[in-house]
Amino acid sequence: MRITVQTKTGAQEFDCEAGEKILHAGLRQGIALPYECGTGTCGTCKARTVSGLVDPGWREAPGRSYLKEEKSEFLLCQGTPSGDCAVMVPGKLPVDSAPLPTPGHYRGVTGSYAVLTRDVVSFTLTLEGRMDFSPGQFAILEIPGIEGGRAYSMVNFAARTDTLEFVIKRKPGGRFCDWIFSQPRNGVSVRVFGPLGRAVFRPEENKNVLCIAGGSGIAGIVSILSRANDFDYFATHKGSVFFGIRTANDAFFLDRMNGFASAGRNLDIVIALSEGEAPSALKDIYPALRFESGFIHAVAAAQMAGKFENVTAFVAGPPPMVDGALRMLIMEARLPAQDIRYDKFG
Ligand code: FES
């Protein structure tokens, strides 16, 4: 099937396989279509059918609330064509400042399932092929029997890898969460599309790094730290990481963070508890980490005051935390928009 995407400034054409989402078809062929979540939530990929037929896909997709369906609007990340079609995208197609790995379709099998806290699990996917991704990117996972994909950031970092690592925090009422938390899920075949996301760490930019993360938002930050650690980035650049959790019982990945903080000469990692104080035993086990109390964006604002020069900030976590951190970075730190990176898939 042939798809034409029209914008006010021109048109792009590409092929789409039967049953393939239009967003996936375009992105895997190098067309920079608009998207953020890739999973039917944010509404960024809104488009209008000009000719031909498009099946709009997942009926309960939250992003459909941004559509005027009587005007044939649909979400590129959910819609599949029934034949050749032309669609109109509002605005211009995004331009990436530097090339990112081209996404594609993969199959993967789950393994190494582990319960990290009462509401956080981790697992790996062994892919049939190999994937290149940049630190900070995510993939969309689909499992049989659950409609709609789910976006999760990769925790690991490796070039041309066949192994992706993920961490998932339980959300109430999430069908994917209910599935993954109900029993150890090893050996399950999963459909994967990725890598996606533009909130990536590029060492060649030569900037100091500030990361503010809450809960499972730490996933992409660990990937960034792994990449930086591989070639001693924090020997010559400053790194400041703020990881927000509720209580000491909600802590995970502290071994890894302690390892990064020990290895990086100019890397400071702060764990902030929003409820209570860190027990002294935790401080003894992880001597390279610092522990504070308070909401993560407030802790970061207090500790970073006057230190925002030449910084790129990465923000990830639940939407209220991300909103608070973005407000702080824009209003208090006065960082320009291009130096603040985050993906909207909370
Ligand atoms: Fe399609 Fe977010 S709703 S990218």
# chains A, B, ... in the order shown; residues from 1 in each chain; ligands from 1

$ residues_near_ligand --ligand "ligand 1" --cutoff "9 Å" --atoms "only C-alpha atoms and all ligand atoms" --output "PyMOL selection string"
chain A and resi 23+34-46+61-64+66+75-78+344-345

$ residues_around --residues "Gln6 (chain A)" --least-positions-apart "3" --cutoff "7 Å" --atoms "only C-alpha atoms" --output "PDB file with all heavy atoms, in the first residue's frame"
ATOM      1  N   GLY A  10       4.582  20.474   1.721  1.00  0.00           N
ATOM      2  CA  GLY A  10       4.956  19.454   0.741  1.00  0.00           C
ATOM      3  C   GLY A  10       4.361  18.106   1.097  1.00  0.00           C
ATOM      4  O   GLY A  10       3.491  18.007   1.966  1.00  0.00           O
ATOM      5  N   ALA A  11       4.838  17.071   0.416  1.00  0.00           N
ATOM      6  CA  ALA A  11       4.294  15.728   0.648  1.00  0.00           C
ATOM      7  C   ALA A  11       5.426  14.706   0.655  1.00  0.00           C
ATOM      8  O   ALA A  11       6.472  14.918   0.040  1.00  0.00           O
ATOM      9  CB  ALA A  11       3.278  15.396  -0.436  1.00  0.00           C
ATOM     10  N   GLN A  12       5.217  13.601   1.379  1.00  0.00           N
ATOM     11  CA  GLN A  12       6.179  12.491   1.429  1.00  0.00           C
ATOM     12  C   GLN A  12       5.395  11.221   1.143  1.00  0.00           C
ATOM     13  O   GLN A  12       4.263  11.076   1.587  1.00  0.00           O
ATOM     14  CB  GLN A  12       6.774  12.369   2.843  1.00  0.00           C
ATOM     15  CG  GLN A  12       7.546  13.569   3.297  1.00  0.00           C
ATOM     16  CD  GLN A  12       9.043  13.351   3.123  1.00  0.00           C
ATOM     17  OE1 GLN A  12       9.464  12.552   2.296  1.00  0.00           O
ATOM     18  NE2 GLN A  12       9.826  14.068   3.900  1.00  0.00           N
ATOM     19  N   VAL A  87      -3.013  11.271   3.608  1.00  0.00           N
ATOM     20  CA  VAL A  87      -3.401  11.852   4.894  1.00  0.00           C
ATOM     21  C   VAL A  87      -2.714  13.210   5.039  1.00  0.00           C
ATOM     22  O   VAL A  87      -1.645  13.435   4.478  1.00  0.00           O
ATOM     23  CB  VAL A  87      -3.024  10.923   6.079  1.00  0.00           C
ATOM     24  CG1 VAL A  87      -3.625   9.549   5.912  1.00  0.00           C
ATOM     25  CG2 VAL A  87      -1.527  10.821   6.268  1.00  0.00           C
ATOM     26  N   MET A  88      -3.349  14.073   5.795  1.00  0.00           N
ATOM     27  CA  MET A  88      -2.811  15.427   6.019  1.00  0.00           C
ATOM     28  C   MET A  88      -2.371  15.543   7.476  1.00  0.00           C
ATOM     29  O   MET A  88      -3.109  15.153   8.387  1.00  0.00           O
ATOM     30  CB  MET A  88      -3.904  16.448   5.695  1.00  0.00           C
ATOM     31  CG  MET A  88      -3.618  17.868   6.099  1.00  0.00           C
ATOM     32  SD  MET A  88      -2.282  18.602   5.180  1.00  0.00           S
ATOM     33  CE  MET A  88      -3.158  19.345   3.819  1.00  0.00           C
ATOM     34  N   VAL A  89      -1.157  16.055   7.683  1.00  0.00           N
ATOM     35  CA  VAL A  89      -0.625  16.262   9.037  1.00  0.00           C
ATOM     36  C   VAL A  89      -0.555  17.763   9.278  1.00  0.00           C
ATOM     37  O   VAL A  89      -0.003  18.484   8.438  1.00  0.00           O
ATOM     38  CB  VAL A  89       0.778  15.621   9.146  1.00  0.00           C
ATOM     39  CG1 VAL A  89       1.482  16.052  10.404  1.00  0.00           C
ATOM     40  CG2 VAL A  89       0.671  14.104   9.094  1.00  0.00           C
TER      41      VAL A  89
END

$ residues_around --residues "Ile22 (chain A)" --least-positions-apart "3" --cutoff "8 Å" --atoms "only C-alpha atoms" --output "list in words"
Ile3, Cys16, Ala25, Gly26, Leu76, Cys77, Gln78, Gly79, Thr80 and Pro81 of chain A

$ write_last_selection --atoms "C-alpha atoms" --output "mmCIF file, in the first residue's frame"
data_model
loop_
_atom_site.group_PDB
_atom_site.id
_atom_site.type_symbol
_atom_site.label_atom_id
_atom_site.label_comp_id
_atom_site.auth_asym_id
_atom_site.auth_seq_id
_atom_site.Cartn_x
_atom_site.Cartn_y
_atom_site.Cartn_z
ATOM 1 C CA ILE A 3 0.791 6.264 1.770
ATOM 2 C CA CYS A 16 2.926 0.410 4.368
ATOM 3 C CA ALA A 25 5.706 2.443 8.319
ATOM 4 C CA GLY A 26 6.856 6.033 7.892
ATOM 5 C CA LEU A 76 -0.945 7.902 13.028
ATOM 6 C CA CYS A 77 0.370 5.648 15.802
ATOM 7 C CA GLN A 78 -2.888 3.654 15.824
ATOM 8 C CA GLY A 79 -4.263 3.915 12.276
ATOM 9 C CA THR A 80 -3.765 1.209 9.636
ATOM 10 C CA PRO A 81 -4.669 1.772 5.966
#

$ residues_around --residues "Tyr342 (chain A)" --least-positions-apart "3" --cutoff "6 Å" --atoms "only C-alpha atoms" --output "list in words"
Ala199, Phe314 and Val315 of chain A

$ write_last_selection --atoms "all heavy atoms" --output "PDB file, in the first residue's frame"
ATOM      1  N   ALA A 199      14.645  12.265  23.105  1.00  0.00           N
ATOM      2  CA  ALA A 199      15.266  12.789  24.337  1.00  0.00           C
ATOM      3  C   ALA A 199      16.539  12.004  24.625  1.00  0.00           C
ATOM      4  O   ALA A 199      16.628  11.254  25.598  1.00  0.00           O
ATOM      5  CB  ALA A 199      14.290  12.679  25.503  1.00  0.00           C
ATOM      6  N   PHE A 314      17.752  16.072  31.480  1.00  0.00           N
ATOM      7  CA  PHE A 314      16.892  14.956  31.080  1.00  0.00           C
ATOM      8  C   PHE A 314      15.892  14.722  32.217  1.00  0.00           C
ATOM      9  O   PHE A 314      16.293  14.633  33.382  1.00  0.00           O
ATOM     10  CB  PHE A 314      17.715  13.691  30.858  1.00  0.00           C
ATOM     11  CG  PHE A 314      18.707  13.840  29.734  1.00  0.00           C
ATOM     12  CD1 PHE A 314      19.981  14.359  29.978  1.00  0.00           C
ATOM     13  CD2 PHE A 314      18.371  13.495  28.439  1.00  0.00           C
ATOM     14  CE1 PHE A 314      20.896  14.513  28.951  1.00  0.00           C
ATOM     15  CE2 PHE A 314      19.277  13.652  27.403  1.00  0.00           C
ATOM     16  CZ  PHE A 314      20.536  14.164  27.657  1.00  0.00           C
ATOM     17  N   VAL A 315      14.615  14.630  31.854  1.00  0.00           N
ATOM     18  CA  VAL A 315      13.570  14.485  32.866  1.00  0.00           C
ATOM     19  C   VAL A 315      12.714  13.278  32.511  1.00  0.00           C
ATOM     20  O   VAL A 315      12.316  13.121  31.349  1.00  0.00           O
ATOM     21  CB  VAL A 315      12.681  15.748  32.917  1.00  0.00           C
ATOM     22  CG1 VAL A 315      11.593  15.597  33.966  1.00  0.00           C
ATOM     23  CG2 VAL A 315      13.520  16.986  33.200  1.00  0.00           C
TER      24      VAL A 315
END

$ atom_distance --atom1 "CA of Asp268 (chain A)" --atom2 "CA of Phe234 (chain A)"
9.7 Å

$ select_by_dssp --residues "region 100-334 of chain A" --states "helix (DSSP H, G or I)" --output "PDB file with N, CA and C atoms, in the first residue's frame"
ATOM      1  N   ARG A 175      -3.724  -2.701  32.088  1.00  0.00           N
ATOM      2  CA  ARG A 175      -3.883  -4.121  31.733  1.00  0.00           C
ATOM      3  C   ARG A 175      -2.522  -4.775  31.490  1.00  0.00           C
ATOM      4  N   PHE A 176      -1.604  -4.036  30.876  1.00  0.00           N
ATOM      5  CA  PHE A 176      -0.268  -4.589  30.671  1.00  0.00           C
ATOM      6  C   PHE A 176       0.393  -4.820  32.032  1.00  0.00           C
ATOM      7  N   CYS A 177       0.232  -3.832  32.929  1.00  0.00           N
ATOM      8  CA  CYS A 177       0.817  -3.966  34.280  1.00  0.00           C
ATOM      9  C   CYS A 177       0.217  -5.170  35.000  1.00  0.00           C
ATOM     10  N   ASP A 178      -1.112  -5.296  34.938  1.00  0.00           N
ATOM     11  CA  ASP A 178      -1.752  -6.436  35.614  1.00  0.00           C
ATOM     12  C   ASP A 178      -1.172  -7.747  35.086  1.00  0.00           C
ATOM     13  N   TRP A 179      -0.959  -7.778  33.781  1.00  0.00           N
ATOM     14  CA  TRP A 179      -0.429  -9.005  33.156  1.00  0.00           C
ATOM     15  C   TRP A 179       0.991  -9.283  33.648  1.00  0.00           C
ATOM     16  N   ILE A 180       1.831  -8.265  33.616  1.00  0.00           N
ATOM     17  CA  ILE A 180       3.255  -8.512  33.932  1.00  0.00           C
ATOM     18  C   ILE A 180       3.479  -8.743  35.425  1.00  0.00           C
ATOM     19  N   PHE A 181       2.582  -8.179  36.265  1.00  0.00           N
ATOM     20  CA  PHE A 181       2.762  -8.331  37.715  1.00  0.00           C
ATOM     21  C   PHE A 181       2.085  -9.594  38.268  1.00  0.00           C
ATOM     22  N   SER A 182       1.223 -10.241  37.467  1.00  0.00           N
ATOM     23  CA  SER A 182       0.430 -11.340  38.035  1.00  0.00           C
ATOM     24  C   SER A 182       1.268 -12.596  38.272  1.00  0.00           C
ATOM     25  N   PRO A 203      27.024  12.362  23.606  1.00  0.00           N
ATOM     26  CA  PRO A 203      28.279  12.788  24.240  1.00  0.00           C
ATOM     27  C   PRO A 203      28.988  13.877  23.440  1.00  0.00           C
ATOM     28  N   GLU A 204      28.850  13.819  22.105  1.00  0.00           N
ATOM     29  CA  GLU A 204      29.569  14.780  21.261  1.00  0.00           C
ATOM     30  C   GLU A 204      29.077  16.212  21.470  1.00  0.00           C
ATOM     31  N   GLU A 205      27.954  16.402  22.164  1.00  0.00           N
ATOM     32  CA  GLU A 205      27.486  17.770  22.438  1.00  0.00           C
ATOM     33  C   GLU A 205      28.333  18.452  23.520  1.00  0.00           C
ATOM     34  N   GLY A 215      10.624   7.248  40.121  1.00  0.00           N
ATOM     35  CA  GLY A 215      10.149   5.873  39.889  1.00  0.00           C
ATOM     36  C   GLY A 215      10.851   5.214  38.717  1.00  0.00           C
ATOM     37  N   SER A 216      10.048   4.576  37.837  1.00  0.00           N
ATOM     38  CA  SER A 216      10.656   3.825  36.727  1.00  0.00           C
ATOM     39  C   SER A 216      11.212   4.750  35.659  1.00  0.00           C
ATOM     40  N   GLY A 217      11.012   6.065  35.798  1.00  0.00           N
ATOM     41  CA  GLY A 217      11.650   7.031  34.903  1.00  0.00           C
ATOM     42  C   GLY A 217      13.169   6.950  34.963  1.00  0.00           C
ATOM     43  N   ILE A 218      13.692   6.283  35.966  1.00  0.00           N
ATOM     44  CA  ILE A 218      15.148   6.146  36.088  1.00  0.00           C
ATOM     45  C   ILE A 218      15.709   5.250  34.974  1.00  0.00           C
ATOM     46  N   ALA A 219      14.827   4.477  34.303  1.00  0.00           N
ATOM     47  CA  ALA A 219      15.288   3.517  33.285  1.00  0.00           C
ATOM     48  C   ALA A 219      16.195   4.184  32.257  1.00  0.00           C
ATOM     49  N   GLY A 220      15.661   5.207  31.570  1.00  0.00           N
ATOM     50  CA  GLY A 220      16.441   5.859  30.519  1.00  0.00           C
ATOM     51  C   GLY A 220      17.670   6.565  31.071  1.00  0.00           C
ATOM     52  N   ILE A 221      17.595   7.002  32.331  1.00  0.00           N
ATOM     53  CA  ILE A 221      18.737   7.696  32.943  1.00  0.00           C
ATOM     54  C   ILE A 221      19.876   6.695  33.182  1.00  0.00           C
ATOM     55  N   VAL A 222      19.525   5.469  33.590  1.00  0.00           N
ATOM     56  CA  VAL A 222      20.556   4.442  33.778  1.00  0.00           C
ATOM     57  C   VAL A 222      21.234   4.147  32.441  1.00  0.00           C
ATOM     58  N   SER A 223      20.447   4.140  31.358  1.00  0.00           N
ATOM     59  CA  SER A 223      21.032   3.923  30.026  1.00  0.00           C
ATOM     60  C   SER A 223      22.024   5.045  29.699  1.00  0.00           C
ATOM     61  N   ILE A 224      21.641   6.279  30.013  1.00  0.00           N
ATOM     62  CA  ILE A 224      22.533   7.425  29.775  1.00  0.00           C
ATOM     63  C   ILE A 224      23.811   7.290  30.605  1.00  0.00           C
ATOM     64  N   LEU A 225      23.654   6.910  31.884  1.00  0.00           N
ATOM     65  CA  LEU A 225      24.828   6.775  32.750  1.00  0.00           C
ATOM     66  C   LEU A 225      25.739   5.639  32.275  1.00  0.00           C
ATOM     67  N   SER A 226      25.123   4.556  31.756  1.00  0.00           N
ATOM     68  CA  SER A 226      25.930   3.438  31.237  1.00  0.00           C
ATOM     69  C   SER A 226      26.775   3.901  30.066  1.00  0.00           C
ATOM     70  N   ARG A 227      26.142   4.624  29.158  1.00  0.00           N
ATOM     71  CA  ARG A 227      26.859   5.135  27.975  1.00  0.00           C
ATOM     72  C   ARG A 227      27.991   6.072  28.415  1.00  0.00           C
ATOM     73  N   ALA A 228      27.676   6.984  29.339  1.00  0.00           N
ATOM     74  CA  ALA A 228      28.679   7.955  29.804  1.00  0.00           C
ATOM     75  C   ALA A 228      29.824   7.247  30.525  1.00  0.00           C
ATOM     76  N   ASN A 229      29.465   6.260  31.321  1.00  0.00           N
ATOM     77  CA  ASN A 229      30.457   5.530  32.108  1.00  0.00           C
ATOM     78  C   ASN A 229      31.427   4.756  31.204  1.00  0.00           C
ATOM     79  N   ASP A 230      30.897   4.269  30.069  1.00  0.00           N
ATOM     80  CA  ASP A 230      31.713   3.456  29.159  1.00  0.00           C
ATOM     81  C   ASP A 230      32.968   4.186  28.708  1.00  0.00           C
ATOM     82  N   TYR A 233      32.973   9.738  30.667  1.00  0.00           N
ATOM     83  CA  TYR A 233      32.481  11.074  30.338  1.00  0.00           C
ATOM     84  C   TYR A 233      32.581  12.014  31.544  1.00  0.00           C
ATOM     85  N   PHE A 234      32.364  11.467  32.753  1.00  0.00           N
ATOM     86  CA  PHE A 234      32.349  12.323  33.934  1.00  0.00           C
ATOM     87  C   PHE A 234      33.751  12.576  34.506  1.00  0.00           C
ATOM     88  N   ALA A 235      34.781  12.224  33.727  1.00  0.00           N
ATOM     89  CA  ALA A 235      36.129  12.694  34.066  1.00  0.00           C
ATOM     90  C   ALA A 235      36.277  14.144  33.624  1.00  0.00           C
ATOM     91  N   ALA A 248      12.253   4.391  51.565  1.00  0.00           N
ATOM     92  CA  ALA A 248      13.422   3.517  51.360  1.00  0.00           C
ATOM     93  C   ALA A 248      13.000   2.169  50.775  1.00  0.00           C
ATOM     94  N   ASN A 249      11.770   1.724  51.088  1.00  0.00           N
ATOM     95  CA  ASN A 249      11.306   0.435  50.546  1.00  0.00           C
ATOM     96  C   ASN A 249      11.058   0.487  49.044  1.00  0.00           C
ATOM     97  N   ASP A 250      10.981   1.695  48.494  1.00  0.00           N
ATOM     98  CA  ASP A 250      10.733   1.827  47.050  1.00  0.00           C
ATOM     99  C   ASP A 250      12.028   1.961  46.253  1.00  0.00           C
ATOM    100  N   LEU A 254      19.973   0.857  43.273  1.00  0.00           N
ATOM    101  CA  LEU A 254      20.966   1.631  44.025  1.00  0.00           C
ATOM    102  C   LEU A 254      22.370   1.057  43.870  1.00  0.00           C
ATOM    103  N   ASP A 255      22.462  -0.275  43.650  1.00  0.00           N
ATOM    104  CA  ASP A 255      23.792  -0.868  43.415  1.00  0.00           C
ATOM    105  C   ASP A 255      24.432  -0.244  42.179  1.00  0.00           C
ATOM    106  N   ARG A 256      23.617  -0.182  41.128  1.00  0.00           N
ATOM    107  CA  ARG A 256      24.152   0.376  39.872  1.00  0.00           C
ATOM    108  C   ARG A 256      24.514   1.843  40.037  1.00  0.00           C
ATOM    109  N   MET A 257      23.620   2.574  40.716  1.00  0.00           N
ATOM    110  CA  MET A 257      23.872   4.012  40.874  1.00  0.00           C
ATOM    111  C   MET A 257      25.140   4.233  41.710  1.00  0.00           C
ATOM    112  N   ASN A 258      25.300   3.403  42.742  1.00  0.00           N
ATOM    113  CA  ASN A 258      26.489   3.521  43.578  1.00  0.00           C
ATOM    114  C   ASN A 258      27.753   3.239  42.749  1.00  0.00           C
ATOM    115  N   GLY A 259      27.652   2.247  41.855  1.00  0.00           N
ATOM    116  CA  GLY A 259      28.776   1.924  40.967  1.00  0.00           C
ATOM    117  C   GLY A 259      29.103   3.088  40.047  1.00  0.00           C
ATOM    118  N   PHE A 260      28.072   3.702  39.457  1.00  0.00           N
ATOM    119  CA  PHE A 260      28.311   4.848  38.568  1.00  0.00           C
ATOM    120  C   PHE A 260      28.953   6.000  39.347  1.00  0.00           C
ATOM    121  N   ALA A 261      28.397   6.267  40.542  1.00  0.00           N
ATOM    122  CA  ALA A 261      28.896   7.407  41.327  1.00  0.00           C
ATOM    123  C   ALA A 261      30.333   7.172  41.771  1.00  0.00           C
ATOM    124  N   SER A 262      30.693   5.914  42.049  1.00  0.00           N
ATOM    125  CA  SER A 262      32.075   5.619  42.458  1.00  0.00           C
ATOM    126  C   SER A 262      33.028   5.799  41.288  1.00  0.00           C
ATOM    127  N   ALA A 263      32.549   5.460  40.076  1.00  0.00           N
ATOM    128  CA  ALA A 263      33.433   5.497  38.904  1.00  0.00           C
ATOM    129  C   ALA A 263      33.571   6.903  38.314  1.00  0.00           C
ATOM    130  N   SER A 280      20.092   4.995  58.194  1.00  0.00           N
ATOM    131  CA  SER A 280      21.556   5.100  58.104  1.00  0.00           C
ATOM    132  C   SER A 280      22.164   3.843  57.487  1.00  0.00           C
ATOM    133  N   ALA A 281      21.462   2.677  57.614  1.00  0.00           N
ATOM    134  CA  ALA A 281      21.994   1.436  57.019  1.00  0.00           C
ATOM    135  C   ALA A 281      22.129   1.601  55.507  1.00  0.00           C
ATOM    136  N   LEU A 282      21.160   2.279  54.911  1.00  0.00           N
ATOM    137  CA  LEU A 282      21.192   2.480  53.452  1.00  0.00           C
ATOM    138  C   LEU A 282      22.402   3.344  53.068  1.00  0.00           C
ATOM    139  N   LYS A 283      22.627   4.345  53.891  1.00  0.00           N
ATOM    140  CA  LYS A 283      23.774   5.237  53.608  1.00  0.00           C
ATOM    141  C   LYS A 283      25.091   4.470  53.737  1.00  0.00           C
ATOM    142  N   ASP A 284      25.135   3.510  54.681  1.00  0.00           N
ATOM    143  CA  ASP A 284      26.361   2.724  54.855  1.00  0.00           C
ATOM    144  C   ASP A 284      26.598   1.783  53.676  1.00  0.00           C
ATOM    145  N   ILE A 285      25.492   1.220  53.156  1.00  0.00           N
ATOM    146  CA  ILE A 285      25.646   0.257  52.042  1.00  0.00           C
ATOM    147  C   ILE A 285      26.055   0.974  50.757  1.00  0.00           C
ATOM    148  N   ILE A 296      11.432  15.578  44.496  1.00  0.00           N
ATOM    149  CA  ILE A 296      12.666  15.540  43.717  1.00  0.00           C
ATOM    150  C   ILE A 296      12.969  16.855  42.998  1.00  0.00           C
ATOM    151  N   HIS A 297      11.923  17.515  42.452  1.00  0.00           N
ATOM    152  CA  HIS A 297      12.215  18.756  41.715  1.00  0.00           C
ATOM    153  C   HIS A 297      12.671  19.859  42.675  1.00  0.00           C
ATOM    154  N   ALA A 298      12.135  19.828  43.921  1.00  0.00           N
ATOM    155  CA  ALA A 298      12.540  20.841  44.907  1.00  0.00           C
ATOM    156  C   ALA A 298      13.971  20.567  45.381  1.00  0.00           C
ATOM    157  N   VAL A 299      14.294  19.288  45.598  1.00  0.00           N
ATOM    158  CA  VAL A 299      15.663  18.929  46.014  1.00  0.00           C
ATOM    159  C   VAL A 299      16.647  19.327  44.910  1.00  0.00           C
ATOM    160  N   ALA A 300      16.274  19.013  43.654  1.00  0.00           N
ATOM    161  CA  ALA A 300      17.164  19.350  42.531  1.00  0.00           C
ATOM    162  C   ALA A 300      17.344  20.859  42.430  1.00  0.00           C
ATOM    163  N   ALA A 301      16.251  21.622  42.587  1.00  0.00           N
ATOM    164  CA  ALA A 301      16.339  23.090  42.478  1.00  0.00           C
ATOM    165  C   ALA A 301      17.283  23.640  43.543  1.00  0.00           C
ATOM    166  N   ALA A 302      17.159  23.148  44.773  1.00  0.00           N
ATOM    167  CA  ALA A 302      17.982  23.672  45.869  1.00  0.00           C
ATOM    168  C   ALA A 302      19.460  23.337  45.646  1.00  0.00           C
ATOM    169  N   GLN A 303      19.733  22.114  45.207  1.00  0.00           N
ATOM    170  CA  GLN A 303      21.130  21.685  45.093  1.00  0.00           C
ATOM    171  C   GLN A 303      21.805  22.190  43.815  1.00  0.00           C
ATOM    172  N   MET A 304      21.003  22.511  42.813  1.00  0.00           N
ATOM    173  CA  MET A 304      21.583  22.938  41.530  1.00  0.00           C
ATOM    174  C   MET A 304      21.659  24.462  41.409  1.00  0.00           C
ATOM    175  N   PRO A 319       3.794  11.883  35.356  1.00  0.00           N
ATOM    176  CA  PRO A 319       3.492  13.223  34.830  1.00  0.00           C
ATOM    177  C   PRO A 319       3.565  14.365  35.852  1.00  0.00           C
ATOM    178  N   PRO A 320       3.061  14.244  37.088  1.00  0.00           N
ATOM    179  CA  PRO A 320       3.155  15.398  38.011  1.00  0.00           C
ATOM    180  C   PRO A 320       4.605  15.745  38.347  1.00  0.00           C
ATOM    181  N   MET A 321       5.446  14.714  38.474  1.00  0.00           N
ATOM    182  CA  MET A 321       6.871  14.962  38.756  1.00  0.00           C
ATOM    183  C   MET A 321       7.545  15.635  37.572  1.00  0.00           C
ATOM    184  N   VAL A 322       7.225  15.141  36.365  1.00  0.00           N
ATOM    185  CA  VAL A 322       7.811  15.731  35.155  1.00  0.00           C
ATOM    186  C   VAL A 322       7.367  17.192  35.041  1.00  0.00           C
ATOM    187  N   ASP A 323       6.093  17.468  35.286  1.00  0.00           N
ATOM    188  CA  ASP A 323       5.604  18.857  35.202  1.00  0.00           C
ATOM    189  C   ASP A 323       6.343  19.758  36.190  1.00  0.00           C
ATOM    190  N   GLY A 324       6.504  19.274  37.429  1.00  0.00           N
ATOM    191  CA  GLY A 324       7.198  20.063  38.460  1.00  0.00           C
ATOM    192  C   GLY A 324       8.644  20.333  38.061  1.00  0.00           C
ATOM    193  N   ALA A 325       9.317  19.315  37.532  1.00  0.00           N
ATOM    194  CA  ALA A 325      10.723  19.478  37.143  1.00  0.00           C
ATOM    195  C   ALA A 325      10.835  20.428  35.955  1.00  0.00           C
ATOM    196  N   LEU A 326       9.933  20.316  34.985  1.00  0.00           N
ATOM    197  CA  LEU A 326       9.996  21.197  33.812  1.00  0.00           C
ATOM    198  C   LEU A 326       9.768  22.648  34.219  1.00  0.00           C
ATOM    199  N   ARG A 327       8.805  22.849  35.118  1.00  0.00           N
ATOM    200  CA  ARG A 327       8.534  24.215  35.604  1.00  0.00           C
ATOM    201  C   ARG A 327       9.793  24.807  36.232  1.00  0.00           C
ATOM    202  N   MET A 328      10.451  23.999  37.060  1.00  0.00           N
ATOM    203  CA  MET A 328      11.665  24.464  37.732  1.00  0.00           C
ATOM    204  C   MET A 328      12.757  24.791  36.699  1.00  0.00           C
ATOM    205  N   LEU A 329      12.929  23.923  35.711  1.00  0.00           N
ATOM    206  CA  LEU A 329      14.009  24.114  34.728  1.00  0.00           C
ATOM    207  C   LEU A 329      13.759  25.332  33.838  1.00  0.00           C
ATOM    208  N   ILE A 330      12.477  25.617  33.573  1.00  0.00           N
ATOM    209  CA  ILE A 330      12.160  26.754  32.700  1.00  0.00           C
ATOM    210  C   ILE A 330      12.141  28.057  33.500  1.00  0.00           C
ATOM    211  N   MET A 331      11.420  28.052  34.645  1.00  0.00           N
ATOM    212  CA  MET A 331      11.187  29.297  35.394  1.00  0.00           C
ATOM    213  C   MET A 331      12.382  29.678  36.276  1.00  0.00           C
ATOM    214  N   GLU A 332      12.975  28.679  36.945  1.00  0.00           N
ATOM    215  CA  GLU A 332      14.059  29.004  37.884  1.00  0.00           C
ATOM    216  C   GLU A 332      15.428  28.896  37.227  1.00  0.00           C
TER     217      GLU A 332
END

$ select_by_dssp --residues "region 81-205 of chain A" --states "strand (DSSP E)" --output "PyMOL selection string"
chain A and resi 81+85-88+104-117+120-131+138-142+150-153+161-169+189-196

$ closest_atom_pairs --of "region 188-287 of chain A" --to "region 108-113 of chain A" --cutoff "6 Å" --atoms "only C-alpha atoms" --output "CSV"
residue,atom,partner,partner_atom,distance
A:Val188,CA,A:Thr110,CA,5.3
A:Ser189,CA,A:Val109,CA,4.6
A:Val190,CA,A:Gly108,CA,5.2

$ write_last_selection --atoms "all heavy atoms" --output "short mmCIF file (atom, residue, chain, number, x, y, z; two decimals), in the first residue's frame"
data_model
loop_
_atom_site.label_atom_id
_atom_site.label_comp_id
_atom_site.auth_asym_id
_atom_site.auth_seq_id
_atom_site.Cartn_x
_atom_site.Cartn_y
_atom_site.Cartn_z
N VAL A 188 7.89 -15.36 27.09
CA VAL A 188 6.71 -14.88 26.35
C VAL A 188 7.17 -14.12 25.12
O VAL A 188 8.07 -13.27 25.20
CB VAL A 188 5.85 -13.96 27.24
CG1 VAL A 188 4.62 -13.47 26.47
CG2 VAL A 188 5.45 -14.68 28.51
N SER A 189 6.53 -14.41 23.98
CA SER A 189 6.90 -13.71 22.74
C SER A 189 6.19 -12.35 22.68
O SER A 189 4.99 -12.26 22.91
CB SER A 189 6.48 -14.57 21.56
OG SER A 189 6.80 -13.90 20.37
N VAL A 190 6.95 -11.32 22.41
CA VAL A 190 6.45 -9.95 22.45
C VAL A 190 6.79 -9.29 21.11
O VAL A 190 7.87 -9.52 20.56
CB VAL A 190 7.16 -9.17 23.60
CG1 VAL A 190 6.76 -7.70 23.61
CG2 VAL A 190 6.85 -9.81 24.94
#

$ residues_around --residues "Val200 (chain A)" --least-positions-apart "5" --cutoff "8 Å" --atoms "only C-alpha atoms" --output "list in words"
Ser134, Pro135, Gly136, Gln137 and Arg341 of chain A

$ closest_residue --among "A:Ile146, A:Ala272, A:Ala158, A:Ala114" --to "Ala213 (chain A)" --atoms "only C-alpha atoms"
A:Ala272

$ atom_distance --atom1 "CA of Thr126 (chain A)" --atom2 "CA of Arg198 (chain A)"
23.6 Å

$ residues_around --residues "Leu93 (chain A)" --least-positions-apart "2" --cutoff "7 Å" --atoms "only C-alpha atoms" --output "list in words"
Ala32, Leu33, Pro34, Gly91 and Val95 of chain A

$ closest_residue --among "A:Gln183, A:Ile340, A:Lys21, A:Ala316" --to "Tyr152 (chain A)" --atoms "only C-alpha atoms"
A:Ala316

$ atom_distance --atom1 "CA of Ala86 (chain A)" --atom2 "CA of Arg107 (chain A)"
29.4 Å

$ residues_around --residues "Ile140 (chain A)" --least-positions-apart "4" --cutoff "7 Å" --atoms "only C-alpha atoms" --output "compact mmCIF listing (two decimals) with C-alpha atoms, in the first residue's frame"
# COMPACT_ATOMS: atom_id res chain seq x y z
CA GLY A 149 1.23 -1.05 22.75
CA ARG A 150 3.08 0.20 25.83
CA ALA A 151 6.18 2.40 25.71
CA TYR A 152 9.13 1.62 27.99
CA VAL A 192 8.55 -4.73 19.55
CA PHE A 193 8.79 -1.50 17.57
CA GLY A 194 11.72 0.78 18.20
